[in-house]
>>> print(open('target04.txt').read())   # compact mmCIF, C-alpha atoms
# COMPACT_ATOMS: atom_id res chain seq x y z
CA GLU A 1 -11.09 24.79 -67.76
CA ARG A 2 -8.76 25.24 -70.73
CA PRO A 3 -5.11 26.17 -70.15
CA GLU A 4 -3.68 29.63 -70.77
CA GLY A 5 -1.97 28.49 -73.97
CA ASP A 6 -5.36 27.76 -75.55
CA PHE A 7 -6.25 31.47 -75.56
CA CYS A 8 -5.06 33.93 -78.20
CA PRO A 9 -2.92 36.56 -76.41
CA ILE A 10 -4.25 39.32 -78.69
CA CYS A 11 -8.04 38.89 -78.74
CA THR A 12 -7.95 36.76 -75.52
CA LEU A 13 -10.57 34.36 -76.94
CA PRO A 14 -10.17 30.57 -76.62
CA ILE A 15 -8.85 28.97 -79.82
CA PRO A 16 -10.84 26.10 -81.40
CA THR A 17 -9.33 22.62 -81.32
CA PRO A 18 -7.21 21.22 -82.82
CA LEU A 19 -5.16 24.34 -82.10
CA SER A 20 -2.80 23.71 -85.03
CA GLU A 21 -5.68 24.07 -87.50
CA HIS A 22 -6.92 27.38 -86.13
CA SER A 23 -3.79 29.23 -85.07
CA GLY A 24 -0.10 29.71 -85.73
CA LEU A 25 2.85 29.43 -83.34
CA THR A 26 5.46 32.19 -83.62
CA MET A 27 9.16 31.34 -83.31
CA CYS A 28 10.14 34.64 -81.69
CA CYS A 29 7.94 34.68 -78.59
CA LEU A 30 6.29 31.22 -78.83
CA LYS A 31 2.82 32.75 -78.70
CA ARG A 32 -0.07 30.95 -80.37
CA ILE A 33 -1.96 33.56 -82.41
CA CYS A 34 -5.46 32.73 -83.65
CA GLU A 35 -6.28 32.77 -87.35
CA GLY A 36 -8.47 35.84 -86.94
CA CYS A 37 -5.77 38.02 -85.40
CA ASN A 38 -3.14 36.78 -87.86
CA PHE A 39 -5.43 37.58 -90.77
CA SER A 40 -6.30 41.01 -89.40
CA VAL A 41 -2.70 42.19 -89.11
CA GLN A 42 -1.72 40.75 -92.49
CA LYS A 43 -4.69 42.48 -94.09
CA ARG A 44 -3.18 45.74 -92.87
CA GLY A 45 0.12 44.86 -94.54
CA MET A 46 1.93 43.78 -91.37
CA PHE A 47 3.79 40.49 -91.75
CA ASP A 48 5.96 40.59 -88.61
CA CYS A 49 4.93 38.73 -85.47
CA ALA A 50 1.40 39.85 -84.64
CA PHE A 51 2.24 39.85 -80.91
CA CYS A 52 5.78 41.18 -80.40
CA ARG A 53 6.40 42.70 -83.88
CA THR A 54 9.65 40.78 -84.37
CA PRO A 55 10.41 40.30 -88.09
CA MET A 56 9.59 36.77 -89.16
CA PRO A 57 12.64 34.59 -90.00
CA GLU A 58 13.04 34.01 -93.73
CA ASP A 59 14.36 30.44 -93.73
CA ASP A 60 14.55 27.29 -91.63
CA ALA A 61 18.08 28.02 -90.38
CA LEU A 62 16.98 31.33 -88.86
CA ARG A 63 13.81 29.77 -87.42
CA LEU A 64 15.83 26.96 -85.87
CA ALA A 65 18.38 29.38 -84.37
CA MET A 66 15.58 31.46 -82.87
CA LEU A 67 13.93 28.34 -81.48
CA GLN A 68 17.16 26.86 -80.12
CA LYS A 69 17.83 30.05 -78.16
CA ARG A 70 14.59 29.55 -76.27
CA VAL A 71 15.25 25.83 -75.83
CA ASN A 72 18.61 26.67 -74.25
CA ALA A 73 16.72 28.88 -71.80
CA ARG A 74 14.57 25.83 -70.89
CA ASP A 75 11.38 27.22 -72.35
CA PRO A 76 8.98 24.23 -72.18
CA GLU A 77 6.94 25.20 -75.24
CA ALA A 78 10.05 25.79 -77.35
CA THR A 79 11.42 22.43 -76.22
CA PHE A 80 8.12 20.76 -77.11
CA PHE A 81 8.02 22.40 -80.53
CA LEU A 82 11.61 21.42 -81.35
CA GLY A 83 10.93 17.86 -80.24
CA SER A 84 7.94 17.73 -82.58
CA GLN A 85 10.15 18.81 -85.50
CA TYR A 86 12.57 15.95 -84.79
CA PHE A 87 9.67 13.48 -85.04
CA TYR A 88 8.91 14.59 -88.59
CA GLY A 89 12.25 15.92 -89.82
CA ARG A 90 11.13 19.52 -90.34
CA TYR A 91 12.67 22.96 -89.89
CA GLY A 92 16.01 21.77 -91.17
CA VAL A 93 16.53 18.93 -88.66
CA LYS A 94 16.85 15.26 -89.59
CA LYS A 95 14.19 12.89 -88.31
CA ASP A 96 15.40 11.48 -85.01
CA VAL A 97 12.73 9.79 -82.90
CA LYS A 98 15.08 9.20 -79.96
CA ARG A 99 16.04 12.88 -79.81
CA ALA A 100 12.40 13.87 -80.24
CA THR A 101 11.37 11.72 -77.27
CA GLU A 102 14.15 13.19 -75.13
CA LEU A 103 13.04 16.74 -75.92
CA LEU A 104 9.36 16.00 -75.35
CA THR A 105 10.19 14.37 -72.01
CA GLN A 106 12.18 17.46 -70.99
CA ALA A 107 9.32 19.71 -72.09
CA ALA A 108 6.80 17.68 -70.09
CA GLU A 109 9.02 17.81 -67.02
CA HIS A 110 9.20 21.61 -67.39
CA GLY A 111 5.42 21.93 -67.60
CA SER A 112 4.37 21.60 -71.25
CA ILE A 113 0.83 20.21 -71.43
CA ASP A 114 1.18 19.59 -75.18
CA ALA A 115 4.31 17.53 -74.55
CA HIS A 116 2.37 15.24 -72.23
CA PHE A 117 -0.32 14.82 -74.89
CA GLU A 118 2.20 14.06 -77.63
CA LEU A 119 4.12 11.59 -75.45
CA GLY A 120 0.81 9.85 -74.79
CA ASN A 121 0.28 9.55 -78.53
CA ARG A 122 3.76 8.18 -79.08
CA PHE A 123 3.48 5.57 -76.32
CA TYR A 124 0.05 4.48 -77.50
CA TYR A 125 0.51 4.39 -81.28
CA ASP A 126 4.21 4.02 -82.18
CA GLU A 127 5.51 0.52 -82.77
CA GLY A 128 8.54 -0.36 -80.70
CA VAL A 129 7.69 1.96 -77.80
CA GLN A 130 4.03 1.07 -77.21
CA ASP A 131 3.17 1.21 -73.53
CA GLU A 132 -0.48 1.86 -72.70
CA THR A 133 0.26 2.56 -69.05
CA LYS A 134 2.68 5.35 -69.94
CA ALA A 135 0.32 6.67 -72.61
CA VAL A 136 -2.55 6.92 -70.14
CA ARG A 137 -0.36 8.57 -67.53
CA HIS A 138 0.68 11.32 -69.96
CA TRP A 139 -2.86 11.81 -71.30
CA GLU A 140 -4.17 12.06 -67.73
CA LYS A 141 -1.61 14.72 -66.83
CA ALA A 142 -2.56 16.71 -69.92
CA ALA A 143 -6.32 16.25 -69.35
CA MET A 144 -6.12 17.37 -65.73
CA GLN A 145 -4.60 20.63 -66.95
CA GLY A 146 -7.39 21.25 -69.45
CA HIS A 147 -6.22 19.51 -72.65
CA ALA A 148 -9.46 18.72 -74.51
CA GLU A 149 -7.94 16.27 -77.01
CA ALA A 150 -6.21 14.30 -74.24
CA ARG A 151 -9.54 14.07 -72.44
CA PHE A 152 -11.12 12.71 -75.65
CA LYS A 153 -8.39 10.07 -75.97
CA LEU A 154 -9.09 8.89 -72.44
CA GLY A 155 -12.80 8.75 -73.25
CA CYS A 156 -12.13 6.58 -76.29
CA LEU A 157 -9.90 4.28 -74.27
CA GLU A 158 -12.52 3.83 -71.56
CA GLY A 159 -15.20 3.27 -74.20
CA ALA A 160 -13.11 0.55 -75.84
CA LYS A 161 -12.91 -1.14 -72.44
CA ARG A 162 -16.70 -0.74 -72.16
CA ASN A 163 -16.29 1.38 -69.06
CA PHE A 164 -19.00 3.72 -70.29
CA PRO A 165 -19.60 5.86 -67.18
CA ARG A 166 -15.95 6.95 -67.23
CA ALA A 167 -15.93 7.31 -71.03
CA ILE A 168 -19.02 9.54 -70.91
CA ARG A 169 -17.52 11.65 -68.14
CA HIS A 170 -14.36 12.30 -70.17
CA CYS A 171 -16.20 13.06 -73.41
CA LEU A 172 -18.74 15.29 -71.68
CA ILE A 173 -15.96 17.46 -70.23
CA SER A 174 -14.15 17.63 -73.56
CA ALA A 175 -17.31 18.41 -75.55
CA LYS A 176 -17.98 21.35 -73.26
CA MET A 177 -14.54 22.66 -74.26
CA GLY A 178 -15.64 22.69 -77.90
CA ASN A 179 -14.07 19.43 -79.01
CA ASP A 180 -15.94 18.14 -82.11
CA SER A 181 -14.83 14.53 -81.72
CA SER A 182 -16.05 14.33 -78.14
CA LEU A 183 -19.48 15.65 -79.11
CA GLU A 184 -19.71 13.03 -81.85
CA MET A 185 -18.71 10.35 -79.37
CA MET A 186 -21.41 11.53 -76.94
CA LYS A 187 -23.94 11.33 -79.78
CA ARG A 188 -22.81 7.78 -80.51
CA PHE A 189 -23.04 6.81 -76.82
CA PHE A 190 -26.58 8.21 -76.73
CA GLN A 191 -27.66 6.43 -79.92
CA GLU A 192 -26.30 3.13 -78.64
CA GLY A 193 -28.01 3.51 -75.28
CA PHE A 194 -24.95 4.08 -73.10
CA ALA A 195 -25.59 7.79 -72.43
CA THR A 196 -28.88 9.33 -71.41
CA LYS A 197 -30.74 11.97 -73.40
CA GLN A 198 -29.95 14.44 -70.63
CA GLN A 199 -26.21 13.71 -70.83
CA TYR A 200 -26.16 14.21 -74.59
CA ALA A 201 -28.21 17.41 -74.25
CA GLU A 202 -25.74 18.68 -71.65
CA ALA A 203 -22.82 17.92 -73.97
CA LEU A 204 -24.52 19.62 -76.91
CA GLU A 205 -25.44 22.72 -74.91
CA GLY A 206 -21.91 23.01 -73.49
CA TYR A 207 -20.37 22.50 -76.92
CA GLN A 208 -22.56 25.18 -78.53
CA GLY A 209 -21.77 27.59 -75.70
CA SER A 210 -18.07 26.97 -76.20
CA LEU A 211 -18.37 27.65 -79.94
CA GLN A 212 -20.03 30.98 -79.20
CA GLU A 213 -17.15 31.92 -76.89
CA MET A 214 -14.67 31.18 -79.68
CA LYS A 215 -16.44 33.16 -82.40
CA SER A 216 -15.34 36.59 -83.66
CA PRO A 217 -15.89 38.56 -86.88
CA GLU A 218 -12.14 38.40 -87.56
CA ARG A 219 -12.08 34.61 -87.34
CA ASP A 220 -15.13 34.32 -89.59
CA GLU A 221 -13.45 36.58 -92.14
CA ALA A 222 -10.21 34.58 -91.99
CA ARG A 223 -12.03 31.30 -92.61
CA ALA A 224 -14.00 32.80 -95.49
CA ALA A 225 -10.76 33.98 -97.09
CA LEU A 226 -9.14 30.57 -96.57
CA ARG A 227 -12.00 28.83 -98.36
CA LEU A 228 -11.16 30.85 -101.48
CA ILE A 229 -7.67 29.33 -101.63
CA PRO A 230 -7.31 25.94 -103.34
CA ALA A 231 -6.62 23.17 -100.80
CA ASP A 232 -3.25 22.28 -102.36
CA GLN A 233 -2.05 25.88 -101.98
CA ARG A 234 -2.87 26.41 -98.32
>>> encode(input="target04.txt", output="structure tokens")
Amino acid sequence: ERPEGDFCPICTLPIPTPLSEHSGLTMCCLKRICEGCNFSVQKRGMFDCAFCRTPMPEDDALRLAMLQKRVNARDPEATFFLGSQYFYGRYGVKKDVKRATELLTQAAEHGSIDAHFELGNRFYYDEGVQDETKAVRHWEKAAMQGHAEARFKLGCLEGAKRNFPRAIRHCLISAKMGNDSSLEMMKRFFQEGFATKQQYAEALEGYQGSLQEMKSPERDEARAALRLIPADQR
């Protein structure tokens, strides 16, 4: 079952993964609003927060101040988001991997599922801090709370170790949450003889059902409008 943060608070529908490609995170209330609801309110000429109607900050300094206020209150999602900005040097902060890791660790300790997922990525991929044991531990904590992408990572890891029953179990769960990559991995497992036809059919049926749950006319309209905008201007 997907976590509460994967559902748009306005239309209450689950948001497709990756969440960052299909939704936007507001700085005022730290709500993740789906592309359909964002598009709908903007179409009506409303450019404040679609959830709480707070005017959107005009520059990075204001965004950072708004975010820092929530970090000071120990909001786990705000802490996670600020930590992510330190990794890449965005929102007016200088890139600082050490500070980013500290913030993500705090966010994970306070309950951020996304922070666990991101820490898993850092410990698995980043030179100098690579520690597969820590990476797996964070991915497992995220997966157990419904993080589809973390579940896919665990499936890939088990597949690389040729532990196919466990890999299939992870990818099957994730595919049923609507994760494209997990469905493709299940297809590959089936084609290579590691998964049965029934297992692949189960993954495909669950995936298609999940897509139906995530569909809405507003989201379809938003994606159609986005396709009209040149890729370099999005």
>>> residues_around(input="target04.txt", residues="Ser84 of chain A", least_positions_apart="5", cutoff="9 Å", atoms="all atoms listed in the file", output="PyMOL selection string")
chain A and resi 79+89-90+100-101+103-104+115+118
>>> residues_around(input="target04.txt", residues="Thr196 of chain A", least_positions_apart="6", cutoff="12 Å", atoms="only C-alpha atoms", output="PyMOL selection string")
chain A and resi 164-165+168+172+186-190+202-203
>>> closest_residue(input="target04.txt", among="A:Glu218, A:Glu77, A:Glu205, A:Glu149", to="Gly5 of chain A", atoms="only C-alpha atoms")
A:Glu77
>>> residues_around(input="target04.txt", residues="Ala108 of chain A", least_positions_apart="4", cutoff="9 Å", atoms="all atoms listed in the file", output="list in words")
Pro76, Phe80, Leu103, Leu104, Ser112, Ile113, Asp114, Ala115, His116, Leu119 and His138 of chain A
>>> closest_residue(input="target04.txt", among="A:Asn38, A:Asp59, A:Asp6, A:Thr26", to="Arg219 of chain A", atoms="only C-alpha atoms")
A:Asn38
>>> atom_distance(input="target04.txt", atom1="atom CA of Ala175 of chain A", atom2="atom CA of Ser210 of chain A")
8.6 Å
>>> atom_distance(input="target04.txt", atom1="atom CA of Phe87 of chain A", atom2="atom CA of Ala61 of chain A")
17.6 Å
